[in-house]
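Novice: mmCIF, C-alpha atoms, saved as target.cif, coming up:
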```
data_data
loop_
_atom_site.label_atom_id
_atom_site.label_comp_id
_atom_site.auth_asym_id
_atom_site.auth_seq_id
_atom_site.Cartn_x
_atom_site.Cartn_y
_atom_site.Cartn_z
CA MET A 1 43.46 54.62 -12.99
CA ILE A 2 46.18 52.00 -12.64
CA ILE A 3 45.77 50.04 -9.42
CA ASN A 4 48.92 49.69 -7.39
CA LYS A 5 49.96 50.18 -3.77
CA ALA A 6 50.26 53.96 -4.12
CA THR A 7 46.87 54.46 -5.77
CA LEU A 8 45.13 52.16 -3.29
CA ASN A 9 46.70 54.05 -0.40
CA ALA A 10 45.51 57.36 -1.83
CA VAL A 11 41.99 56.00 -2.34
CA PHE A 12 41.59 54.80 1.23
CA VAL A 13 43.25 57.87 2.75
CA SER A 14 40.53 59.89 1.01
CA LEU A 15 37.79 57.58 2.28
CA SER A 16 39.27 57.67 5.78
CA THR A 17 39.25 61.47 5.74
CA LEU A 18 35.58 61.52 4.74
CA PHE A 19 34.82 59.00 7.49
CA HIS A 20 36.57 60.97 10.22
CA ASN A 21 35.17 64.33 9.13
CA ALA A 22 31.65 62.94 9.37
CA PHE A 23 32.48 61.24 12.67
CA ASN A 24 33.62 64.53 14.19
CA ARG A 25 30.50 66.43 13.10
CA ILE A 26 28.19 64.38 15.33
CA GLU A 27 27.06 66.00 18.58
CA PRO A 28 26.37 63.20 21.09
CA GLN A 29 23.46 63.01 23.52
CA TRP A 30 24.46 59.96 25.56
CA ASP A 31 26.98 61.79 27.74
CA LYS A 32 24.19 63.88 29.27
CA ILE A 33 22.68 60.85 31.03
CA ALA A 34 25.36 58.15 31.04
CA MET A 35 28.84 57.74 32.47
CA LYS A 36 31.66 56.43 30.32
CA VAL A 37 33.56 53.53 31.85
CA PRO A 38 36.80 52.54 30.10
CA SER A 39 37.15 48.78 29.79
CA THR A 40 40.40 46.83 29.55
CA THR A 41 38.99 43.33 29.45
CA LYS A 42 36.11 41.30 28.03
CA THR A 43 33.79 41.88 31.00
CA ASN A 44 33.60 44.51 33.74
CA ASP A 45 32.27 43.72 37.22
CA TYR A 46 29.90 46.28 38.78
CA LYS A 47 28.98 44.66 42.08
CA TRP A 48 30.12 47.88 43.78
CA LEU A 49 26.84 49.41 42.63
CA GLY A 50 25.13 47.54 45.47
CA LYS A 51 26.40 50.09 48.02
CA ILE A 52 26.20 53.88 48.03
CA PRO A 53 28.95 55.15 50.38
CA LYS A 54 27.85 57.86 52.83
CA MET A 55 29.60 59.57 55.71
CA ARG A 56 28.28 58.74 59.19
CA LYS A 57 29.21 59.50 62.77
CA TRP A 58 32.23 57.47 63.92
CA ILE A 59 31.31 55.74 67.18
CA GLY A 60 33.41 52.76 68.19
CA ASP A 61 34.74 50.64 65.34
CA LYS A 62 34.25 51.79 61.79
CA GLN A 63 31.28 50.24 59.99
CA VAL A 64 32.57 48.68 56.81
CA ASP A 65 30.17 48.45 53.87
CA ALA A 66 30.69 45.10 52.20
CA LEU A 67 30.23 44.84 48.47
CA SER A 68 26.84 43.66 47.32
CA GLY A 69 26.17 39.97 47.04
CA HIS A 70 24.41 40.67 43.75
CA GLY A 71 26.47 39.84 40.69
CA TYR A 72 26.30 42.46 37.96
CA SER A 73 28.69 42.49 35.05
CA ILE A 74 28.71 43.98 31.57
CA THR A 75 30.32 42.10 28.68
CA ASN A 76 31.56 44.05 25.69
CA ASP A 77 29.99 43.41 22.29
CA ASP A 78 31.67 43.61 18.91
CA TRP A 79 30.38 46.25 16.48
CA GLU A 80 31.16 46.85 12.82
CA VAL A 81 30.11 48.66 9.66
CA THR A 82 31.58 47.52 6.34
CA VAL A 83 31.42 48.93 2.81
CA GLU A 84 32.57 47.16 -0.36
CA VAL A 85 34.49 49.00 -3.09
CA ASP A 86 34.41 47.50 -6.59
CA ARG A 87 37.82 47.41 -8.24
CA ASN A 88 36.23 48.61 -11.48
CA ASP A 89 35.16 51.83 -9.74
CA ILE A 90 38.76 52.47 -8.74
CA GLU A 91 40.03 51.77 -12.23
CA ASP A 92 37.34 54.01 -13.75
CA ASP A 93 37.93 56.78 -11.20
CA GLN A 94 34.33 56.58 -9.96
CA LEU A 95 35.05 56.84 -6.23
CA GLY A 96 32.62 59.72 -5.77
CA ILE A 97 29.82 57.20 -5.41
CA TYR A 98 31.43 56.00 -2.16
CA LYS A 99 31.58 59.45 -0.54
CA PRO A 100 28.08 59.19 1.02
CA GLN A 101 28.81 55.67 2.27
CA ALA A 102 32.07 56.74 3.90
CA GLU A 103 30.32 59.66 5.56
CA MET A 104 27.36 57.57 6.73
CA ALA A 105 29.76 54.98 8.15
CA GLY A 106 31.50 57.77 10.07
CA GLU A 107 28.21 59.14 11.41
CA SER A 108 27.01 55.69 12.42
CA SER A 109 30.27 54.99 14.25
CA ALA A 110 30.06 58.27 16.16
CA GLN A 111 26.45 57.53 17.11
CA LEU A 112 27.19 54.08 18.53
CA PRO A 113 27.21 55.32 22.18
CA ASP A 114 23.90 57.12 21.56
CA GLU A 115 22.37 53.91 20.22
CA ILE A 116 23.65 51.82 23.14
CA VAL A 117 22.36 54.27 25.75
CA ALA A 118 19.04 54.71 23.94
CA ASP A 119 18.57 50.93 24.04
CA LEU A 120 19.03 51.11 27.81
CA VAL A 121 16.41 53.84 28.11
CA ASN A 122 14.00 51.88 25.92
CA GLY A 123 14.59 48.76 28.00
CA ALA A 124 14.28 50.41 31.42
CA PHE A 125 11.04 48.57 32.22
CA THR A 126 12.16 45.17 30.90
CA LEU A 127 15.94 44.91 31.49
CA THR A 128 17.53 44.28 34.88
CA GLY A 129 20.07 46.30 36.82
CA PHE A 130 22.54 45.44 39.59
CA ASP A 131 19.86 44.34 42.11
CA GLY A 132 18.26 41.84 39.74
CA GLN A 133 15.12 43.98 39.34
CA TYR A 134 14.02 45.81 36.23
CA PHE A 135 15.82 49.15 36.19
CA CYS A 136 12.48 50.92 36.65
CA ASP A 137 10.45 48.68 38.94
CA THR A 138 8.01 48.78 41.82
CA ASP A 139 9.89 46.56 44.28
CA HIS A 140 13.60 47.35 44.55
CA PRO A 141 14.88 45.80 47.81
CA VAL A 142 16.13 48.46 50.24
CA GLY A 143 16.86 47.40 53.80
CA ALA A 144 13.91 45.39 55.07
CA GLY A 145 11.45 46.84 52.55
CA VAL A 146 11.00 47.69 48.90
CA VAL A 147 11.03 50.97 46.98
CA SER A 148 9.48 51.90 43.63
CA ASN A 149 11.02 54.02 40.93
CA LYS A 150 8.31 53.20 38.39
CA LEU A 151 5.17 55.15 37.55
CA THR A 152 2.48 54.62 34.94
CA VAL A 153 0.99 58.12 34.84
CA ALA A 154 1.13 60.13 31.60
CA LEU A 155 3.27 63.27 31.57
CA ASP A 156 0.74 66.09 31.80
CA GLY A 157 1.15 69.82 32.29
CA SER A 158 -2.35 70.89 31.39
CA THR A 159 -3.32 71.70 34.98
CA LEU A 160 -1.51 72.11 38.26
CA ALA A 161 -3.17 68.94 39.58
CA ALA A 162 -2.09 66.94 36.52
CA ALA A 163 1.45 68.28 36.69
CA LYS A 164 1.71 67.40 40.38
CA ALA A 165 0.36 63.89 39.75
CA SER A 166 2.95 63.16 37.03
CA TYR A 167 6.15 65.22 36.97
CA GLY A 168 5.68 66.42 40.55
CA ALA A 169 5.15 62.87 41.83
CA ALA A 170 8.40 61.74 40.20
CA ARG A 171 10.33 64.67 41.69
CA THR A 172 8.97 64.00 45.16
CA ALA A 173 9.66 60.27 45.00
CA MET A 174 13.29 60.81 43.99
CA ARG A 175 13.95 63.37 46.69
CA LEU A 176 12.58 60.96 49.31
CA PHE A 177 14.82 58.01 48.34
CA LYS A 178 16.80 56.66 51.30
CA ASP A 179 19.59 54.15 51.75
CA GLU A 180 19.29 50.85 53.63
CA HIS A 181 19.93 52.70 56.92
CA GLY A 182 17.03 55.10 56.35
CA ARG A 183 19.19 58.12 55.55
CA PRO A 184 18.19 60.44 52.67
CA LEU A 185 20.34 59.97 49.57
CA GLY A 186 20.13 63.61 48.54
CA VAL A 187 18.88 62.85 45.05
CA ARG A 188 18.24 66.03 43.06
CA PRO A 189 16.36 65.42 39.80
CA ASN A 190 17.66 67.67 37.04
CA MET A 191 17.01 65.98 33.67
CA LEU A 192 13.67 65.16 32.03
CA VAL A 193 14.02 62.65 29.18
CA VAL A 194 11.27 62.14 26.61
CA GLY A 195 10.81 60.99 23.05
CA PRO A 196 9.74 63.27 20.19
CA ALA A 197 6.04 62.61 20.85
CA LEU A 198 6.24 64.25 24.27
CA GLU A 199 8.60 67.10 23.41
CA ASP A 200 5.96 69.82 23.32
CA THR A 201 4.36 68.71 26.59
CA ALA A 202 7.69 68.45 28.37
CA ARG A 203 9.03 71.73 27.03
CA ALA A 204 5.93 73.61 28.09
CA LEU A 205 6.00 72.03 31.54
CA LEU A 206 9.55 73.23 32.08
CA THR A 207 9.30 76.70 30.53
CA VAL A 208 5.86 78.32 30.76
CA ASP A 209 5.03 80.74 33.54
CA ARG A 210 1.45 79.54 33.85
CA LEU A 211 -0.17 76.21 33.09
CA GLU A 212 -3.21 75.85 30.86
CA ASP A 213 -5.54 76.22 33.86
CA GLY A 214 -4.02 79.64 34.51
CA LYS A 215 -2.21 78.65 37.72
CA PRO A 216 1.47 79.50 38.28
CA ASN A 217 3.84 76.77 37.10
CA PRO A 218 6.00 75.66 40.08
CA TYR A 219 8.10 73.40 37.82
CA LYS A 220 9.44 76.06 35.48
CA GLY A 221 13.22 75.68 35.18
CA THR A 222 13.39 72.68 37.52
CA ALA A 223 15.08 70.41 34.98
CA GLU A 224 16.86 70.32 31.65
CA LEU A 225 14.97 68.70 28.78
CA LEU A 226 16.56 65.95 26.70
CA VAL A 227 14.61 64.70 23.68
CA LEU A 228 15.88 61.31 22.56
CA ASP A 229 14.96 60.68 18.94
CA ARG A 230 15.73 56.98 19.45
CA MET A 231 13.09 56.49 22.15
CA THR A 232 10.59 53.95 20.86
CA SER A 233 7.71 54.72 23.22
CA SER A 234 5.41 57.65 22.52
CA THR A 235 4.23 57.75 26.16
CA ALA A 236 7.21 56.86 28.38
CA TRP A 237 9.20 59.55 30.18
CA PHE A 238 12.05 59.61 32.69
CA LEU A 239 13.25 61.99 35.37
CA LEU A 240 16.95 61.64 36.22
CA ASP A 241 19.62 62.93 38.55
CA THR A 242 22.77 63.31 36.45
CA THR A 243 24.71 65.40 38.98
CA LYS A 244 26.36 62.49 40.80
CA PRO A 245 29.71 60.79 40.01
CA VAL A 246 27.71 57.71 38.95
CA LYS A 247 25.08 58.31 36.29
CA PRO A 248 21.82 56.38 35.79
CA PHE A 249 23.23 54.67 32.67
CA ILE A 250 26.63 53.22 31.82
CA PHE A 251 28.43 53.31 28.48
CA GLN A 252 31.30 50.84 28.66
CA GLU A 253 33.98 51.24 25.98
CA ARG A 254 36.62 48.61 25.27
CA LYS A 255 37.67 49.92 21.85
CA ALA A 256 36.50 53.19 20.34
CA PRO A 257 35.40 53.03 16.68
CA VAL A 258 38.42 52.83 14.36
CA PHE A 259 38.57 53.06 10.58
CA VAL A 260 39.69 49.77 9.02
CA GLN A 261 40.42 48.79 5.45
CA GLN A 262 41.23 45.74 3.35
CA THR A 263 43.45 46.86 0.50
CA ASP A 264 45.49 43.76 -0.30
CA PRO A 265 45.15 43.23 -4.08
CA GLU A 266 45.98 39.55 -3.53
CA ALA A 267 43.17 38.95 -1.01
CA ASP A 268 40.59 36.29 -1.88
CA ASP A 269 37.73 38.77 -2.21
CA VAL A 270 39.75 40.86 -4.65
CA PHE A 271 40.85 37.86 -6.69
CA MET A 272 37.44 36.13 -6.76
CA ARG A 273 35.06 39.11 -6.69
CA LYS A 274 37.25 42.19 -7.35
CA LEU A 275 36.11 43.77 -4.08
CA PHE A 276 38.04 45.87 -1.59
CA LYS A 277 36.51 46.82 1.77
CA PHE A 278 36.57 49.61 4.32
CA GLY A 279 34.59 50.43 7.44
CA ALA A 280 34.87 50.65 11.20
CA GLU A 281 35.15 48.34 14.18
CA ALA A 282 34.45 48.89 17.88
CA ARG A 283 33.94 47.03 21.14
CA ALA A 284 31.49 48.42 23.68
CA ALA A 285 28.37 47.72 25.73
CA GLY A 286 25.90 49.41 28.05
CA GLY A 287 24.37 48.82 31.44
CA TYR A 288 22.52 50.44 34.33
CA GLY A 289 23.92 52.50 37.18
CA PHE A 290 22.03 53.44 40.34
CA TRP A 291 18.27 53.02 39.88
CA GLN A 292 17.86 55.57 42.66
CA LEU A 293 18.88 58.25 40.16
CA CYS A 294 15.85 57.63 37.98
CA VAL A 295 12.08 57.52 38.08
CA GLY A 296 10.54 56.24 34.90
CA SER A 297 6.91 56.22 33.84
CA THR A 298 5.40 54.09 31.13
CA GLY A 299 2.84 56.83 30.61
CA ALA A 300 0.28 54.12 29.93
CA GLY A 301 -2.06 55.25 32.72
#
```
What does the file become when written as structure tokens?

Specialist:
Amino acid sequence: MIINKATLNAVFVSLSTLFHNAFNRIEPQWDKIAMKVPSTTKTNDYKWLGKIPKMRKWIGDKQVDALSGHGYSITNDDWEVTVEVDRNDIEDDQLGIYKPQAEMAGESSAQLPDEIVADLVNGAFTLTGFDGQYFCDTDHPVGAGVVSNKLTVALDGSTLAAAKASYGAARTAMRLFKDEHGRPLGVRPNMLVVGPALEDTARALLTVDRLEDGKPNPYKGTAELLVLDRMTSSTAWFLLDTTKPVKPFIFQERKAPVFVQQTDPEADDVFMRKLFKFGAEARAAGGYGFWQLCVGSTGAG
């Protein structure tokens, strides 16, 4: 194959098509538990997370909720995936060897939000949210006291007592969450998130009519199950409320993944090393929403 502008354009149009076809085949998981926030600048400010607006009786002057004094911002990161194409492979019409790489680059680009959100889930006990506490912690400041959204109990559906002490305890805690004025927040847990190691336990807990001890299962159908393959813990589990306008996790997108290419035959890499390049670039980051929409357990006992 003679290398000129037309042949190079045809080569990278083909690679771009492979990239985008693979990109579009991916079915995301992140949007089940995270909200997408478009970003138009380097950093987004989320201090508004410090207040949950609620209607109240209007007596006298209106009571204005000031924004939280806590500073919480999310700065976008740069992301990339790059593949080199040897000029000899173009000349020898051997571009088939790059088909898997183009497709894997497309899949990886489509899975970027899943990876960002999974990192948030994995870091829930060690990374901080808007109030300066770990997202799942035992002492979130609320009014004059503190509230916990962290458990250590293992997820267990073997008996009614075990189910109540794990999944049931998380459900009860979430439904009792109140704001700084002591009013119920109306949290309704609807999503159980586990890693592959807990899939069977979680699925049984949410679907069987009777538990292993023969007693009726009061938790059947009480939540949707989400199995995150990227969860690193084999014991941790999370119960979430994803029904609200704000989700427990935030995916912030400044620039969606775009296919990029370097096809200038006069570029230094081509002249010195006979290498062209293609890949994808993106700008995005993740963060935590309302901790009140989550109870997490380490499962460590």

Novice: Between CA of Thr43 (chain A) and CA of Asn76 (chain A), what distance in Å does the model show, to one decimal?

Specialist: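 Value for the CA of Thr43 (chain A)-CA of Asn76 (chain A) distance: 6.2 Å.
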
Novice: I need the output of the PyMOL selection byres ((chain A and resi 191) around 8) for this file as JSON, numbers by chain; which residues are they?

Specialist: {"A": [189, 190, 192, 193, 223, 224, 225, 226, 239, 240, 241, 242]}

Novice: Quick one: residues within 12 Å of region 274-279 of chain A, only C-alpha atoms, excluding same-chain residues fewer than 3 positions away - as number ranges by chain?

Specialist: A: 3, 8-9, 11-16, 18-20, 79-91, 98, 101-109, 257-271, 282

Novice: Emit as lines of an AutoDock Vina configuration file the padded axis-aligned box for all listed atoms of region 175-194 of chain A, 6 Å per side, with centre and edge lengths in Å to one decimal.

Specialist:
```
center_x = 15.8
center_y = 59.3
center_z = 41.8
size_x = 21.1
size_y = 28.8
size_z = 42.3
```

Novice: At what distance in Å, to one decimal, does CA of Val295 (chain A) lie from CA of Ala162 (chain A)?

Specialist: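 Straight-line distance from CA of Ala162 (chain A) to CA of Val295 (chain A) works out to 17.1 Å.
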
Novice: Determine the residue membership of the PyMOL selection byres ((chain A and resi 128) around 12) for the file above and supply it as a list in words.

Specialist: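 After applying the PyMOL selection byres ((chain A and resi 128) around 12), what remains is His70, Gly71, Tyr72, Ser73, Ile74, Leu120, Val121, Gly123, Ala124, Phe125, Thr126, Leu127, Gly129, Phe130, Asp131, Gly132, Gln133, Tyr134, Phe135, Cys136, Asp137, His140, Gly286, Gly287, Tyr288, Gly289, Phe290 and Trp291 of chain A.
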
Novice: Applying the PyMOL selection byres ((chain A and resi 285) around 12) to the file I just gave you, which residues come out? Please list them as number ranges by chain.

Specialist: A: 36-39, 42-44, 73-79, 112-120, 249-256, 282-284, 286-288

Novice: Tell me which of A:Ala110, A:Ile33, A:Ala280, A:Val142 sits closest to Val227 (chain A), counting all atoms listed in the file.

Specialist: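 Selected residue with least distance to Val227 (chain A): A:Ile33.
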
Novice: From the list A:Val208, A:Ala197, A:Val187, A:Leu49, which residue is nearest Ala170 (chain A) when using all atoms listed in the file?

Specialist: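 Among the listed residues, the smallest separation from Ala170 (chain A) belongs to A:Val187.
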
Novice: When you count only C-alpha atoms, which of these residues is closest to Leu95 (chain A): A:Ala10, A:Ser158, A:Arg171, A:Asp45?

Specialist: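 For Leu95 (chain A), the nearest of the candidates is A:Ala10.
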
Novice: Report, in Å to a single decimal, how far apart CA of Ala173 (chain A) and CA of Gly186 (chain A) are.

Specialist: 11.5 Å

Novice: For Thr232 (chain A), list every protein, DNA or RNA residue within 9 Å, evaluated using all atoms listed in the file, and leave out those in the same chain fewer than 4 positions away; present the list as a list in words.

Specialist: Asn122, Gly195 and Ala236 of chain A

Novice: For a quick check of understanding, using all atoms listed in the file, which of A:Gly168, A:Pro248, A:Gly157, A:Gly182 has the smallest distance to Leu205 (chain A)?

Specialist: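 Of A:Gly168, A:Pro248, A:Gly157, A:Gly182, the one nearest Leu205 (chain A), counting all atoms listed in the file, is A:Gly157.
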
Novice: Choose the residue, out of A:Arg175, A:Lys99, A:Lys164, A:Lys247, that has the smallest atom-to-atom separation from Asn21 (chain A); count all atoms listed in the file.

Specialist: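 Closest to Asn21 (chain A) of all the choices is A:Lys99.
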
Novice: Any idea what's packed within 9 Å of region 209-214 of chain A, counting only C-alpha atoms, ignoring anything in its chain fewer than 5 positions away? Could you give it as an MDAnalysis selection string?

Specialist: chainID A and resid 157:160 163 204 220

Novice: Could the residues in this selection be saved with C-alpha atoms as a PDB file, in the coordinates of the input?

Specialist:
```pdb
ATOM      1  CA  GLY A 157       1.150  69.820  32.290  1.00  0.00           C
ATOM      2  CA  SER A 158      -2.350  70.890  31.390  1.00  0.00           C
ATOM      3  CA  THR A 159      -3.320  71.700  34.980  1.00  0.00           C
ATOM      4  CA  LEU A 160      -1.510  72.110  38.260  1.00  0.00           C
ATOM      5  CA  ALA A 163       1.450  68.280  36.690  1.00  0.00           C
ATOM      6  CA  ALA A 204       5.930  73.610  28.090  1.00  0.00           C
ATOM      7  CA  LYS A 220       9.440  76.060  35.480  1.00  0.00           C
TER       8      LYS A 220
END
```

Novice: Hey, which of A:Thr222, A:Thr41, A:Thr172, A:Thr152 ends up closest to Thr235 (chain A)? Count only C-alpha atoms.

Specialist: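 Between A:Thr222, A:Thr41, A:Thr172, A:Thr152, the residue approaching Thr235 (chain A) most closely is A:Thr152.
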